[in-house]
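Novice: Sharing a structure here in structure tokens format.
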Amino acid sequence: MTGKINSYKDLIVWQQAMDLAVATYSLTKAWPKEELYGLTSQIRRSATSANIAEGYGRDNTGSYQQFLRIAQGSLKELKTHLQIAERIGLAARHEIHHMLSATEAIGKMLRQLIIKLAPE
């Protein structure tokens with residue numbers, strides 16, 4: 001994306017994180033009800049892009065960077081939960097492959113944004 005960033009919604013990393021969050025809801029929709037407060041809930045919470053948005057709204061860069069780091073941790077958590085879901089038979093590899101790839105791509109963008117925000 002080129003041009004001025006007027007909102008967190010203009011950030012490609014936020015847009016892709018939103019797509020990933022939507023994909024997790026689609027994936028988990030058909031899971032057993034007994035998982036609703038277990039793995040389903042964990043996956044859905046770790047996939048939200050709210051930390052990117054919340055950090056953007058902070059008044060200082062250091063706080064924003066901290067929220068981006070939290071978002072990175074949430075991505076690792078999501079990746080782990082997806083791998084657990086595959087291992088216990090809730091999701092097939094082909095169902096989560098694109099989501100695992102997305103976690104890597106989003107993580108790289110978050111790292112680059114954190115670096116870009118670092119004081120020189």
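Following the order of the structure tokens, first chain is A, next is B, and so on, with residues numbered from 1 inside each chain and ligands from 1 in the order they appear.
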Which residues are near Leu39 (chain A)? Cut-off 8 Å, only C-alpha atoms, ignore same chain within fewer than 4 positions. Put them as a count of residues only.

Specialist: 4

Novice: Using only C-alpha atoms, which protein or nucleic acid residues come within 9 Å of Leu100 (chain A)? Drop anything in the same chain fewer than 3 positions from it, and give the result as number ranges by chain.

Specialist: A: 78-79, 82-83, 96-97, 103-105

Novice: What does the structure give for the distance between CA of Leu75 (chain A) and CA of Gly107 (chain A), in Å to one decimal?

Specialist: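 Value for the CA of Leu75 (chain A)-CA of Gly107 (chain A) distance: 7.0 Å.
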
Novice: In Å to one decimal, how far is CA of Leu117 (chain A) from CA of Asn60 (chain A)?

Specialist: 10.4 Å

Novice: I need the residues in chain A that are alpha helix (DSSP H) according to DSSP; give them as a PyMOL selection string.

Specialist: chain A and resi 12-28+39-47+50-56+61-87+93-117

Novice: Which of these, A:Thr40, A:Thr61, A:Lys76, A:Ala118, has the shortest distance to Ala102 (chain A) once you count only C-alpha atoms?

Specialist: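 Comparing A:Thr40, A:Thr61, A:Lys76, A:Ala118 against Ala102 (chain A), the winner is A:Lys76.
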
Novice: Which one of A:Gln72, A:Thr80, A:Gln42, A:Ser101 sits closest to Leu113 (chain A) if you count only C-alpha atoms?

Specialist: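 When distances to Leu113 (chain A) are compared using only C-alpha atoms, the smallest one comes from A:Gln72.
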
Novice: What's around Leu90 (chain A) at 9 Å? Count only C-alpha atoms, leave out sequence neighbours fewer than 2 positions away in its own chain, and write the answer as a tab-separated table (two decimals) with C-alpha atoms, in the first residue's frame.

Specialist:
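Written output follows (selection-v4.tsv):
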chain	number	residue	atom	x	y	z
A	28	THR	CA	-14.26	-23.40	14.20
A	31	TRP	CA	-16.44	-27.86	15.75
A	32	PRO	CA	-18.12	-29.79	18.56
A	84	ILE	CA	-3.18	-28.92	18.35
A	85	ALA	CA	-6.49	-28.92	16.47
A	86	GLU	CA	-4.83	-30.86	13.66
A	87	ARG	CA	-3.20	-33.35	16.01
A	88	ILE	CA	-6.42	-34.15	17.84
A	92	ALA	CA	-7.30	-31.38	8.67

Novice: From the list A:Ser26, A:Gln112, A:Ser7, A:Gln15, which residue is nearest Tyr56 (chain A) when using only C-alpha atoms?

Specialist: A:Ser7

Novice: Excluding Ala21 (chain A) and its own-chain neighbours fewer than 6 positions away, which residues fall within 8 Å of it when counting only C-alpha atoms? Please give them as a list in words.

Specialist: Arg44, Ala47, Thr48 and Ser49 of chain A

Novice: Only C-alpha atoms, please: the residues just picked out, written as a PDB file, in the first residue's frame.

Specialist:
ATOM      1  CA  ARG A  44     -10.829 -17.226  18.232  1.00  0.00           C
ATOM      2  CA  ALA A  47      -6.733 -14.640  16.124  1.00  0.00           C
ATOM      3  CA  THR A  48      -8.225 -11.217  16.669  1.00  0.00           C
ATOM      4  CA  SER A  49      -6.453  -8.204  15.240  1.00  0.00           C
TER       5      SER A  49
END

Novice: Could you check which of A:Tyr8, A:Tyr25, A:Trp14, A:Tyr37 is closest to Leu110 (chain A), using only C-alpha atoms?

Specialist: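 With only C-alpha atoms as the atom set, the closest residue is A:Trp14.
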
Novice: Given only C-alpha atoms as the basis, pick out the residue of A:Ala71, A:Ala50, A:Leu20, A:Met99 nearest to Arg111 (chain A).

Specialist: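 Closest to Arg111 (chain A) of all the choices is A:Ala71.
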
Novice: Hey, which of A:Pro119, A:His98, A:Ile114, A:Glu34 ends up closest to Gln66 (chain A)? Count only C-alpha atoms.

Specialist: A:Ile114
